[in-house]
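Chemist: The structure is given below, and queries will be raised subsequently.
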Amino acid sequence: MRSYKVKTVRALERGIEVLHVLQTAKAASLHDLHRSTRLPKATLMRLLLTLERKGLIWQRMADGAYLPSHILHARMRHLDDETYFVEVASPVLERMVRRVGWPSILAVPRLDYMEVIETNRPRSYFHHIPLGPIGFRVNMLRSATGRAYLAFCGDTERAAVLARLRASSQPGDMLARNPAGVSRVLNETRRRGYGVRHADFGGHYDKSRVASDDGRDSIALPIYAFGSVIGCVNLTWIVKVAAAQQIVHDHLGTLQAAALEVGRAMEGNDTIAPGVL
């Protein structure tokens, strides 16, 4: 190794150390980084701000964790598409919540349910609304999010999901055993253009609204990329504060613009009409 008669840049070494921790851990809080690097939190905050402004890391809204940017994976064979999805969607969801006030979740399909992978609730004016945390299972046929996905996903995938739901023994999946009812719900969702909750759905996967009522309502839209639905974004509000018709009138356009922007960004075409969000 060549010998250089100069000193190393300590700040750069610290920044690289932070990046190494994030790449190894995949995600870390400020406290996690403090424990791993033993750097003062004030120093870490300056490093994190610098790295974030250079596009090398980003901060997840749901829990405040820091993650390495997809830029650092550009030369890797495998890219975690779901992490990239959250990275792309997070700034869009943050701008949306600043505009509408009400919180949202970003969810992706699993075999027979939707799973929350990001939420802007901490940035919401109504941040006390307890939206499902990262990893929360959302009912596929009773929630606005699940209905939006099922209504607009491909026919083959829809058939496979419904088959799994019909075979399920969970009370929350029993709607799948009524094919005519399912068809009616999905047709209404397509006609409307967005998903709404089942009238008896109060947020709990299995229980009725009478048994478990979160006091909320939601609408949801699919997010398209490369010709397929890759996930859904919703908007949630308190029933006693606003009516569904009011939310749709005031905020559906903003939600549609957000879904469109995320999908375009995933495709690498992030252009959108200026001032929409």
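Residues are referred to by chain and number: the chain letter is A, B, ... according to the order shown in the structure tokens, the number counts from 1 in that chain, and ligands are numbered separately from 1 in the order shown.
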Can you list every residue of segment 170-245 of chain A that has an atom at most 12 Å from segment 90-93 of chain A, with its nearest atom pair and the distance in Å to one decimal, using only C-alpha atoms, ordered by chain then number, as a tab-separated table?
Modeler:
```
residue	atom	partner	partner_atom	distance
A:Cys232	CA	A:Leu93	CA	11.9
A:Val233	CA	A:Leu93	CA	8.8
A:Asn234	CA	A:Leu93	CA	10.1
A:Leu235	CA	A:Leu93	CA	10.2
```
Chemist: Produce a table with one row for each residue of segment 176-270 of chain A that has an atom at most 10 Å from any atom of segment 100-115 of chain A, each row naming the nearest atom pair and its distance in Å at one decimal; use only C-alpha atoms; arrange rows by chain and rising residue number; format as a tab-separated table.
Modeler:
```
residue	atom	partner	partner_atom	distance
A:Tyr205	CA	A:Tyr113	CA	9.5
A:Ser218	CA	A:Ser104	CA	8.9
A:Ile219	CA	A:Ser104	CA	9.6
A:Ala220	CA	A:Ser104	CA	9.1
A:Pro222	CA	A:Ala107	CA	9.7
A:Ile223	CA	A:Leu106	CA	9.6
A:Val229	CA	A:Val108	CA	9.4
A:Ile230	CA	A:Val108	CA	6.8
A:Gly231	CA	A:Val108	CA	4.4
A:Cys232	CA	A:Ala107	CA	5.4
A:Val233	CA	A:Leu106	CA	4.7
A:Asn234	CA	A:Ser104	CA	5.2
A:Leu235	CA	A:Ser104	CA	4.6
A:Thr236	CA	A:Pro103	CA	5.8
A:Trp237	CA	A:Trp102	CA	5.9
A:Ile238	CA	A:Trp102	CA	8.8
A:Ile247	CA	A:Val100	CA	9.4
A:Asp250	CA	A:Val100	CA	8.5
A:His251	CA	A:Val100	CA	6.7
A:Thr254	CA	A:Val100	CA	8.1
A:Leu255	CA	A:Val100	CA	9.3
A:Ala259	CA	A:Leu106	CA	9.9
```
Chemist: Can you write out as a Markdown table which residues of segment 55-121 of chain A fall within 9 Å of segment 11-21 of chain A, alongside each residue's closest atom pair and its distance in Å to one decimal, counting only C-alpha atoms and ordering rows by chain and ascending residue number?
Modeler:
```
| residue | atom | partner | partner_atom | distance |
| --- | --- | --- | --- | --- |
| A:Leu56 | CA | A:Leu19 | CA | 8.3 |
| A:Ile57 | CA | A:Leu19 | CA | 8.1 |
| A:Leu67 | CA | A:Leu19 | CA | 8.9 |
| A:Pro68 | CA | A:Leu19 | CA | 7.0 |
```
Chemist: Limited to N, CA and C atoms, could you put the picked residues into a file as a tab-separated table (two decimals), in the first residue's frame?
Modeler:
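Listed below is the output, result_15.tsv:
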```
chain	number	residue	atom	x	y	z
A	56	LEU	N	-27.46	9.50	0.25
A	56	LEU	CA	-26.85	8.21	0.59
A	56	LEU	C	-27.65	7.43	1.63
A	57	ILE	N	-28.46	8.11	2.40
A	57	ILE	CA	-29.34	7.46	3.36
A	57	ILE	C	-30.70	8.15	3.34
A	67	LEU	N	-31.97	4.30	6.94
A	67	LEU	CA	-31.67	3.19	6.05
A	67	LEU	C	-30.73	3.66	4.95
A	68	PRO	N	-29.89	2.76	4.42
A	68	PRO	CA	-29.03	3.13	3.29
A	68	PRO	C	-29.87	3.31	2.04
```
Chemist: Just the number, please: distance in Å from atom CA of Glu94 of chain A to atom CA of Ala257 of chain A, one decimal.
Modeler: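 Going from atom CA of Glu94 of chain A over to atom CA of Ala257 of chain A, I get 13.2 Å.
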Chemist: With segment 179-198 of chain A as the partner and 6 Å as the cut-off, tabulate the residues of segment 67-167 of chain A that qualify, each row holding the nearest pair of atoms and their distance in Å to one decimal, using only C-alpha atoms, sorted by chain and rising number, as a tab-separated table.
Modeler:
```
residue	atom	partner	partner_atom	distance
A:Arg142	CA	A:His198	CA	5.0
A:Ser143	CA	A:Arg197	CA	4.7
A:Ala144	CA	A:Val196	CA	4.1
A:Arg147	CA	A:Gly195	CA	5.4
A:Ala148	CA	A:Gly195	CA	4.4
A:Ala151	CA	A:Leu186	CA	4.9
```
Chemist: Which residue gives the smallest distance to Tyr84 of chain A among A:Val241, A:Leu162, A:Ile129, A:Ile117, with only C-alpha atoms counted?
Modeler: A:Ile117
Chemist: Find, counting only C-alpha atoms, the residue in A:Gly263, A:Gly203, A:Gly64, A:Gly146 that gets nearest to Arg121 of chain A.
Modeler: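 Nearest candidate to Arg121 of chain A out of A:Gly263, A:Gly203, A:Gly64, A:Gly146: A:Gly64.
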Chemist: Grab the atom CA of Leu39 of chain A to atom CA of Arg53 of chain A distance for me, in Å with one decimal place.
Modeler: 20.1 Å
Chemist: Which parts of segment 28-274 of chain A does DSSP call strand (DSSP E) when run on the backbone here, written out as a PyMOL selection string?
Modeler: chain A and resi 57-59+66-68+105-109+113-119+137-139+195-196+216-225+228-238
Chemist: Restricting the calculation to only C-alpha atoms, which member of A:Ser124, A:Glu157, A:Gly55, A:Ala225 is positioned closest to Gly268 of chain A?
Modeler: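 Among A:Ser124, A:Glu157, A:Gly55, A:Ala225, it is A:Ala225 that comes nearest to Gly268 of chain A.
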Chemist: Please list as a PyMOL selection string every residue within 12 Å of Gly172 of chain A, counting only C-alpha atoms and excluding residues in the same chain fewer than 3 positions away.
Modeler: chain A and resi 112-113+137-143+165-166+168-169+175-177+198+200-209
Chemist: Would you put the residues from that selection into a file with N, CA and C atoms, as a PDB file, in the first residue's frame?
Modeler:
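What ended up in part-v7.pdb:
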```pdb
ATOM      1  N   ASP A 112     -52.396 -13.787   1.640  1.00  0.00           N
ATOM      2  CA  ASP A 112     -53.839 -13.609   1.784  1.00  0.00           C
ATOM      3  C   ASP A 112     -54.196 -12.390   2.650  1.00  0.00           C
ATOM      4  N   TYR A 113     -53.281 -11.457   2.764  1.00  0.00           N
ATOM      5  CA  TYR A 113     -53.547 -10.227   3.509  1.00  0.00           C
ATOM      6  C   TYR A 113     -52.617  -9.137   2.998  1.00  0.00           C
ATOM      7  N   ARG A 137     -50.905  -6.704   9.908  1.00  0.00           N
ATOM      8  CA  ARG A 137     -51.679  -7.451   8.911  1.00  0.00           C
ATOM      9  C   ARG A 137     -53.033  -6.783   8.695  1.00  0.00           C
ATOM     10  N   VAL A 138     -53.317  -6.438   7.451  1.00  0.00           N
ATOM     11  CA  VAL A 138     -54.563  -5.773   7.092  1.00  0.00           C
ATOM     12  C   VAL A 138     -55.461  -6.759   6.346  1.00  0.00           C
ATOM     13  N   ASN A 139     -56.707  -6.871   6.775  1.00  0.00           N
ATOM     14  CA  ASN A 139     -57.640  -7.804   6.161  1.00  0.00           C
ATOM     15  C   ASN A 139     -57.832  -7.491   4.678  1.00  0.00           C
ATOM     16  N   MET A 140     -57.802  -8.519   3.843  1.00  0.00           N
ATOM     17  CA  MET A 140     -57.852  -8.336   2.399  1.00  0.00           C
ATOM     18  C   MET A 140     -59.244  -7.983   1.881  1.00  0.00           C
ATOM     19  N   LEU A 141     -60.287  -8.574   2.454  1.00  0.00           N
ATOM     20  CA  LEU A 141     -61.635  -8.361   1.913  1.00  0.00           C
ATOM     21  C   LEU A 141     -62.475  -7.352   2.682  1.00  0.00           C
ATOM     22  N   ARG A 142     -62.037  -6.967   3.879  1.00  0.00           N
ATOM     23  CA  ARG A 142     -62.851  -6.072   4.687  1.00  0.00           C
ATOM     24  C   ARG A 142     -62.300  -4.654   4.734  1.00  0.00           C
ATOM     25  N   SER A 143     -61.021  -4.498   4.451  1.00  0.00           N
ATOM     26  CA  SER A 143     -60.399  -3.172   4.526  1.00  0.00           C
ATOM     27  C   SER A 143     -60.444  -2.463   3.181  1.00  0.00           C
ATOM     28  N   LEU A 165     -58.179 -17.413   0.625  1.00  0.00           N
ATOM     29  CA  LEU A 165     -59.109 -16.861   1.613  1.00  0.00           C
ATOM     30  C   LEU A 165     -60.283 -17.801   1.856  1.00  0.00           C
ATOM     31  N   ARG A 166     -60.764 -18.449   0.797  1.00  0.00           N
ATOM     32  CA  ARG A 166     -61.879 -19.396   0.967  1.00  0.00           C
ATOM     33  C   ARG A 166     -61.471 -20.593   1.822  1.00  0.00           C
ATOM     34  N   SER A 168     -59.327 -20.423   4.260  1.00  0.00           N
ATOM     35  CA  SER A 168     -58.925 -19.947   5.579  1.00  0.00           C
ATOM     36  C   SER A 168     -59.990 -20.265   6.628  1.00  0.00           C
ATOM     37  N   SER A 169     -59.531 -20.483   7.848  1.00  0.00           N
ATOM     38  CA  SER A 169     -60.459 -20.730   8.957  1.00  0.00           C
ATOM     39  C   SER A 169     -60.654 -19.489   9.823  1.00  0.00           C
ATOM     40  N   LEU A 175     -65.891 -13.817   4.319  1.00  0.00           N
ATOM     41  CA  LEU A 175     -66.564 -13.168   3.193  1.00  0.00           C
ATOM     42  C   LEU A 175     -66.186 -13.814   1.871  1.00  0.00           C
ATOM     43  N   ALA A 176     -65.012 -14.404   1.811  1.00  0.00           N
ATOM     44  CA  ALA A 176     -64.539 -15.015   0.561  1.00  0.00           C
ATOM     45  C   ALA A 176     -65.407 -16.195   0.139  1.00  0.00           C
ATOM     46  N   ARG A 177     -66.190 -16.750   1.061  1.00  0.00           N
ATOM     47  CA  ARG A 177     -67.027 -17.908   0.742  1.00  0.00           C
ATOM     48  C   ARG A 177     -68.359 -17.510   0.118  1.00  0.00           C
ATOM     49  N   HIS A 198     -65.499  -2.271   4.533  1.00  0.00           N
ATOM     50  CA  HIS A 198     -66.761  -2.951   4.792  1.00  0.00           C
ATOM     51  C   HIS A 198     -67.428  -2.217   5.953  1.00  0.00           C
ATOM     52  N   ASP A 200     -68.965  -3.177   8.429  1.00  0.00           N
ATOM     53  CA  ASP A 200     -68.786  -3.829   9.724  1.00  0.00           C
ATOM     54  C   ASP A 200     -67.318  -3.950  10.130  1.00  0.00           C
ATOM     55  N   PHE A 201     -66.427  -3.321   9.367  1.00  0.00           N
ATOM     56  CA  PHE A 201     -64.992  -3.427   9.649  1.00  0.00           C
ATOM     57  C   PHE A 201     -64.533  -2.263  10.523  1.00  0.00           C
ATOM     58  N   GLY A 202     -64.026  -2.593  11.708  1.00  0.00           N
ATOM     59  CA  GLY A 202     -63.566  -1.563  12.628  1.00  0.00           C
ATOM     60  C   GLY A 202     -62.071  -1.569  12.838  1.00  0.00           C
ATOM     61  N   GLY A 203     -61.324  -2.200  11.916  1.00  0.00           N
ATOM     62  CA  GLY A 203     -59.872  -2.197  12.002  1.00  0.00           C
ATOM     63  C   GLY A 203     -59.262  -3.507  12.447  1.00  0.00           C
ATOM     64  N   HIS A 204     -60.009  -4.307  13.199  1.00  0.00           N
ATOM     65  CA  HIS A 204     -59.501  -5.598  13.662  1.00  0.00           C
ATOM     66  C   HIS A 204     -59.634  -6.625  12.547  1.00  0.00           C
ATOM     67  N   TYR A 205     -58.647  -7.497  12.410  1.00  0.00           N
ATOM     68  CA  TYR A 205     -58.650  -8.462  11.304  1.00  0.00           C
ATOM     69  C   TYR A 205     -59.898  -9.337  11.314  1.00  0.00           C
ATOM     70  N   ASP A 206     -60.285  -9.839  12.489  1.00  0.00           N
ATOM     71  CA  ASP A 206     -61.379 -10.812  12.576  1.00  0.00           C
ATOM     72  C   ASP A 206     -62.668 -10.268  13.175  1.00  0.00           C
ATOM     73  N   LYS A 207     -62.559  -9.367  14.129  1.00  0.00           N
ATOM     74  CA  LYS A 207     -63.736  -8.942  14.883  1.00  0.00           C
ATOM     75  C   LYS A 207     -64.580  -7.927  14.124  1.00  0.00           C
ATOM     76  N   SER A 208     -65.883  -7.913  14.468  1.00  0.00           N
ATOM     77  CA  SER A 208     -66.804  -6.946  13.876  1.00  0.00           C
ATOM     78  C   SER A 208     -66.586  -5.576  14.491  1.00  0.00           C
ATOM     79  N   ARG A 209     -67.163  -4.547  13.889  1.00  0.00           N
ATOM     80  CA  ARG A 209     -67.043  -3.193  14.425  1.00  0.00           C
ATOM     81  C   ARG A 209     -67.681  -3.083  15.796  1.00  0.00           C
TER      82      ARG A 209
END
```
Chemist: Mind pulling up the distance from atom CA of Lys41 of chain A to atom CA of Pro133 of chain A?
Modeler: 25.7 Å
Chemist: Would you please work out which residue, of A:Arg123, A:Arg98, A:Arg46, A:Arg216, is nearest to Leu30 of chain A when using only C-alpha atoms?
Modeler: A:Arg46
